Amino acid sequence: MIKRLEIINIQSHKESVLEFDPGVNVIVGSSNNGKSAILRALYWVRYNRPLGIDTLLSHWAFDKKGNQIAPMEVSIENDCGLVTRKRTKNENQYIVNDEILNVVKTDVPEQVEKILSLTDTNIQKQHDLPFLLSSTSGQVAQYFNKTVRLDIIDKVLSNTESKRRKLNQEIKINDELLAEAERKHSNYQWLPEAEKIISSYEKNFSKFNSLENDFNILNEQIELYEKYLEIKNKYDFISEVKSIISKINKLIEKQENLSAEISDIDSDLETFNECNSKKYYFIPESRKFINEIKKIDCSGIESKIDELQESIEKFNYCINFIENKKILINEYKSRLPDICPICGNPMKK
């Protein structure tokens, strides 16, 4: 309930203060004494209408040049607080319980609506049609529905219908998207078969990698085998050398025997040196033969025999190494598949 109303510089009110009692209050007076101006002042505070000040501002608030020199102001006080609407040449604002709120276009601050709690039912102008009497049955029903909050049902139904239409539209769009997705899906029927092929390829590729590793190892072994074949070919003469060494060993043995005989002969020569009998006519020739034998250098033969013996040992090592590699190569060959899983050619060939 409004307790106090103060109007400054609005039409015929230069500065008027109205205080209301609880219950019904009636303002009476002759025409053109400011009764309608009070309603206009209330309407200006509640709805921020009219936007201009020419129709509301009192004539004594202007100077001779038509400039505003005094503020136009309305204050309403009720149980909820105090609301003041103020308009000057440079200011256009609401003051709600000492809080200043600037006016933005036609908007009315929410704090003002909440404190005043005035609707069209509370404010009716002089020339307005009689309340509800001139309204249609539908307008009357709408008003009472709003009064008892039945308009919420209308809003809910309206919102529900709006949502239903929106959902139907979304369903239609989704059906079209689903049809398009199914059409695209039909173009990818080959994917399961492709997945099987890829899975088989991955298995074969893994197996191929394993075989490729074995194949690389086998190539390394083959290279070693070829290398040792070269070594073998290089030392093929060793078999002949063995025969030569055997012969040389026999010669050495004979040489040792001859050396022993020579020693015996030397001792005999010393015994028979003085003998000049025809019985020993062969001695000069024997002496010559012995001197020739002494000239033979056996030390070089012994070093060559050692070198040949070392070569024979290396040759035997190479032969054993090659035989082991042959066994390893045969083992790798046995692990290869008959047919290559990639190119389809025979592997063991």
# chains A, B, ... in the order shown; residues from 1 in each chain; ligands from 1
call {"tool": "residues_around", "arguments": {"residues": "Asn320 in chain A", "least_positions_apart": "5", "cutoff": "12 Å", "atoms": "only C-alpha atoms", "output": "ChimeraX atom specification"}}
result
/A:225,228,232,313-315,325-327
call {"tool": "write_last_selection", "arguments": {"atoms": "N, CA and C atoms", "output": "PDB file, in the first residue's frame"}}
result
ATOM      1  N   TYR A 225      80.476 -68.643 -45.131  1.00  0.00           N
ATOM      2  CA  TYR A 225      80.790 -69.914 -45.814  1.00  0.00           C
ATOM      3  C   TYR A 225      81.598 -69.648 -47.074  1.00  0.00           C
ATOM      4  N   TYR A 228      85.110 -68.671 -46.201  1.00  0.00           N
ATOM      5  CA  TYR A 228      85.962 -69.806 -45.831  1.00  0.00           C
ATOM      6  C   TYR A 228      86.209 -70.748 -46.990  1.00  0.00           C
ATOM      7  N   LYS A 232      89.708 -72.019 -48.142  1.00  0.00           N
ATOM      8  CA  LYS A 232      89.956 -73.436 -48.462  1.00  0.00           C
ATOM      9  C   LYS A 232      90.657 -73.566 -49.817  1.00  0.00           C
ATOM     10  N   GLU A 313      97.617 -77.278 -39.439  1.00  0.00           N
ATOM     11  CA  GLU A 313      96.688 -77.097 -38.309  1.00  0.00           C
ATOM     12  C   GLU A 313      95.604 -76.076 -38.661  1.00  0.00           C
ATOM     13  N   LYS A 314      95.994 -74.950 -39.351  1.00  0.00           N
ATOM     14  CA  LYS A 314      94.993 -73.963 -39.760  1.00  0.00           C
ATOM     15  C   LYS A 314      94.015 -74.567 -40.752  1.00  0.00           C
ATOM     16  N   PHE A 315      94.568 -75.347 -41.673  1.00  0.00           N
ATOM     17  CA  PHE A 315      93.691 -75.989 -42.666  1.00  0.00           C
ATOM     18  C   PHE A 315      92.678 -76.903 -41.992  1.00  0.00           C
ATOM     19  N   LYS A 325      79.489 -74.912 -40.249  1.00  0.00           N
ATOM     20  CA  LYS A 325      78.619 -73.962 -40.932  1.00  0.00           C
ATOM     21  C   LYS A 325      77.683 -74.674 -41.903  1.00  0.00           C
ATOM     22  N   LYS A 326      78.169 -75.724 -42.546  1.00  0.00           N
ATOM     23  CA  LYS A 326      77.282 -76.497 -43.434  1.00  0.00           C
ATOM     24  C   LYS A 326      76.114 -77.077 -42.653  1.00  0.00           C
ATOM     25  N   ILE A 327      76.423 -77.592 -41.459  1.00  0.00           N
ATOM     26  CA  ILE A 327      75.348 -78.164 -40.612  1.00  0.00           C
ATOM     27  C   ILE A 327      74.358 -77.063 -40.225  1.00  0.00           C
TER      28      ILE A 327
END
call {"tool": "closest_residue", "arguments": {"among": "A:Asn159, A:Ser30, A:Asn97, A:Gln124", "to": "Leu82 in chain A", "atoms": "only C-alpha atoms"}}
result
A:Asn97
call {"tool": "closest_residue", "arguments": {"among": "A:Ile322, A:Arg49, A:Thr88, A:Phe20", "to": "Glu226 in chain A", "atoms": "only C-alpha atoms"}}
result
A:Ile322
call {"tool": "select_by_dssp", "arguments": {"residues": "range 92-277 of chain A", "states": "strand (DSSP E or B)", "output": "list in words"}}
result
Asn92, Gln93, Tyr94, Ile95, Val96, Glu99, Ile100, Leu101 and Asn102 of chain A
call {"tool": "write_last_selection", "arguments": {"atoms": "N, CA and C atoms", "output": "PDB file, in the first residue's frame"}}
result
ATOM      1  N   ASN A  92      18.853  11.447 -15.499  1.00  0.00           N
ATOM      2  CA  ASN A  92      17.636  10.678 -15.768  1.00  0.00           C
ATOM      3  C   ASN A  92      17.799   9.350 -15.032  1.00  0.00           C
ATOM      4  N   GLN A  93      17.180   9.255 -13.838  1.00  0.00           N
ATOM      5  CA  GLN A  93      17.505   8.122 -12.976  1.00  0.00           C
ATOM      6  C   GLN A  93      16.373   7.768 -12.026  1.00  0.00           C
ATOM      7  N   TYR A  94      16.500   6.536 -11.476  1.00  0.00           N
ATOM      8  CA  TYR A  94      15.693   6.072 -10.358  1.00  0.00           C
ATOM      9  C   TYR A  94      16.582   6.030  -9.121  1.00  0.00           C
ATOM     10  N   ILE A  95      15.967   6.308  -7.963  1.00  0.00           N
ATOM     11  CA  ILE A  95      16.673   6.153  -6.689  1.00  0.00           C
ATOM     12  C   ILE A  95      15.825   5.207  -5.844  1.00  0.00           C
ATOM     13  N   VAL A  96      16.340   4.006  -5.612  1.00  0.00           N
ATOM     14  CA  VAL A  96      15.605   2.971  -4.887  1.00  0.00           C
ATOM     15  C   VAL A  96      16.312   2.738  -3.562  1.00  0.00           C
ATOM     16  N   GLU A  99      19.761   3.827  -3.528  1.00  0.00           N
ATOM     17  CA  GLU A  99      20.590   3.243  -4.585  1.00  0.00           C
ATOM     18  C   GLU A  99      20.223   3.917  -5.910  1.00  0.00           C
ATOM     19  N   ILE A 100      21.198   4.538  -6.563  1.00  0.00           N
ATOM     20  CA  ILE A 100      20.953   5.268  -7.800  1.00  0.00           C
ATOM     21  C   ILE A 100      21.038   4.299  -8.986  1.00  0.00           C
ATOM     22  N   LEU A 101      19.994   4.286  -9.827  1.00  0.00           N
ATOM     23  CA  LEU A 101      19.931   3.431 -11.007  1.00  0.00           C
ATOM     24  C   LEU A 101      19.672   4.314 -12.216  1.00  0.00           C
ATOM     25  N   ASN A 102      20.592   4.349 -13.146  1.00  0.00           N
ATOM     26  CA  ASN A 102      20.421   5.167 -14.352  1.00  0.00           C
ATOM     27  C   ASN A 102      19.402   4.521 -15.285  1.00  0.00           C
TER      28      ASN A 102
END
call {"tool": "atom_distance", "arguments": {"atom1": "CA of Arg4 in chain A", "atom2": "CA of Tyr143 in chain A"}}
result
29.1 Å
call {"tool": "closest_residue", "arguments": {"among": "A:Ile244, A:Leu191, A:Ile152, A:Arg46", "to": "Thr106 in chain A", "atoms": "only C-alpha atoms"}}
result
A:Arg46
call {"tool": "residues_around", "arguments": {"residues": "Asn32 in chain A", "least_positions_apart": "6", "cutoff": "12 Å", "atoms": "only C-alpha atoms", "output": "ChimeraX atom specification"}}
result
/A:11-13,38
call {"tool": "write_last_selection", "arguments": {"atoms": "N, CA and C atoms", "output": "PDB file, in the first residue's frame"}}
result
ATOM      1  N   GLN A  11       3.226  19.107 -14.230  1.00  0.00           N
ATOM      2  CA  GLN A  11       2.015  19.820 -14.638  1.00  0.00           C
ATOM      3  C   GLN A  11       1.610  20.859 -13.581  1.00  0.00           C
ATOM      4  N   SER A  12       0.414  20.719 -12.943  1.00  0.00           N
ATOM      5  CA  SER A  12      -0.046  21.754 -11.997  1.00  0.00           C
ATOM      6  C   SER A  12       0.541  21.593 -10.601  1.00  0.00           C
ATOM      7  N   HIS A  13       1.355  20.553 -10.410  1.00  0.00           N
ATOM      8  CA  HIS A  13       1.937  20.320  -9.067  1.00  0.00           C
ATOM      9  C   HIS A  13       3.365  20.847  -9.041  1.00  0.00           C
ATOM     10  N   ILE A  38      -1.852  13.365 -10.896  1.00  0.00           N
ATOM     11  CA  ILE A  38      -1.341  12.407  -9.890  1.00  0.00           C
ATOM     12  C   ILE A  38      -1.194  11.028 -10.532  1.00  0.00           C
TER      13      ILE A  38
END
call {"tool": "closest_residue", "arguments": {"among": "A:Asp154, A:Gln169, A:Glu91, A:Asn145", "to": "Val104 in chain A", "atoms": "only C-alpha atoms"}}
result
A:Glu91
call {"tool": "select_by_dssp", "arguments": {"residues": "range 104-165 of chain A", "states": "helix (DSSP H, G or I)", "output": "ChimeraX atom specification"}}
result
/A:110-116,137-147,151-165
call {"tool": "residues_around", "arguments": {"residues": "Val24 in chain A", "least_positions_apart": "5", "cutoff": "12 Å", "atoms": "only C-alpha atoms", "output": "VMD selection string"}}
result
chain A and resid 1 to 3
call {"tool": "atom_distance", "arguments": {"atom1": "CA of Ser58 in chain A", "atom2": "CA of Leu18 in chain A"}}
result
18.1 Å
call {"tool": "closest_residue", "arguments": {"among": "A:Lys105, A:Asn78, A:His127, A:Ile27", "to": "Gly52 in chain A", "atoms": "only C-alpha atoms"}}
result
A:Lys105
call {"tool": "atom_distance", "arguments": {"atom1": "CA of Ala61 in chain A", "atom2": "CA of Ile7 in chain A"}}
result
13.1 Å
call {"tool": "closest_atom_pairs", "arguments": {"of": "range 131-221 of chain A", "to": "range 115-122 of chain A", "cutoff": "12 Å", "atoms": "only C-alpha atoms", "output": "JSON lines"}}
result
{"residue": "A:Phe131", "atom": "CA", "partner": "A:Thr121", "partner_atom": "CA", "distance": 8.0}
{"residue": "A:Leu132", "atom": "CA", "partner": "A:Thr121", "partner_atom": "CA", "distance": 9.8}
{"residue": "A:Tyr143", "atom": "CA", "partner": "A:Thr121", "partner_atom": "CA", "distance": 9.7}
{"residue": "A:Phe144", "atom": "CA", "partner": "A:Thr121", "partner_atom": "CA", "distance": 11.4}
{"residue": "A:Lys146", "atom": "CA", "partner": "A:Thr121", "partner_atom": "CA", "distance": 11.6}
{"residue": "A:Thr147", "atom": "CA", "partner": "A:Thr121", "partner_atom": "CA", "distance": 10.3}
call {"tool": "write_last_selection", "arguments": {"atoms": "N, CA and C atoms", "output": "PDB file, in the first residue's frame"}}
result
ATOM      1  N   PHE A 131     -13.009  -0.930 -16.522  1.00  0.00           N
ATOM      2  CA  PHE A 131     -12.227  -2.137 -16.247  1.00  0.00           C
ATOM      3  C   PHE A 131     -13.074  -3.395 -16.420  1.00  0.00           C
ATOM      4  N   LEU A 132     -12.650  -4.285 -17.338  1.00  0.00           N
ATOM      5  CA  LEU A 132     -13.256  -5.578 -17.656  1.00  0.00           C
ATOM      6  C   LEU A 132     -14.629  -5.467 -18.343  1.00  0.00           C
ATOM      7  N   TYR A 143      -7.570 -12.594 -18.048  1.00  0.00           N
ATOM      8  CA  TYR A 143      -7.196 -11.796 -16.888  1.00  0.00           C
ATOM      9  C   TYR A 143      -7.341 -12.596 -15.598  1.00  0.00           C
ATOM     10  N   PHE A 144      -8.505 -13.285 -15.436  1.00  0.00           N
ATOM     11  CA  PHE A 144      -8.712 -14.064 -14.207  1.00  0.00           C
ATOM     12  C   PHE A 144      -7.754 -15.258 -14.129  1.00  0.00           C
ATOM     13  N   LYS A 146      -4.778 -15.190 -15.235  1.00  0.00           N
ATOM     14  CA  LYS A 146      -3.526 -14.593 -14.790  1.00  0.00           C
ATOM     15  C   LYS A 146      -3.568 -14.258 -13.311  1.00  0.00           C
ATOM     16  N   THR A 147      -4.756 -13.832 -12.846  1.00  0.00           N
ATOM     17  CA  THR A 147      -4.904 -13.466 -11.436  1.00  0.00           C
ATOM     18  C   THR A 147      -4.706 -14.668 -10.523  1.00  0.00           C
TER      19      THR A 147
END
call {"tool": "closest_residue", "arguments": {"among": "A:Arg85, A:Lys14, A:Lys64, A:Lys125", "to": "Lys35 in chain A", "atoms": "only C-alpha atoms"}}
result
A:Lys125
call {"tool": "residues_around", "arguments": {"residues": "Asn48 in chain A", "least_positions_apart": "5", "cutoff": "8 Å", "atoms": "only C-alpha atoms", "output": "JSON, numbers by chain"}}
result
{"A": [43, 106, 107, 108]}
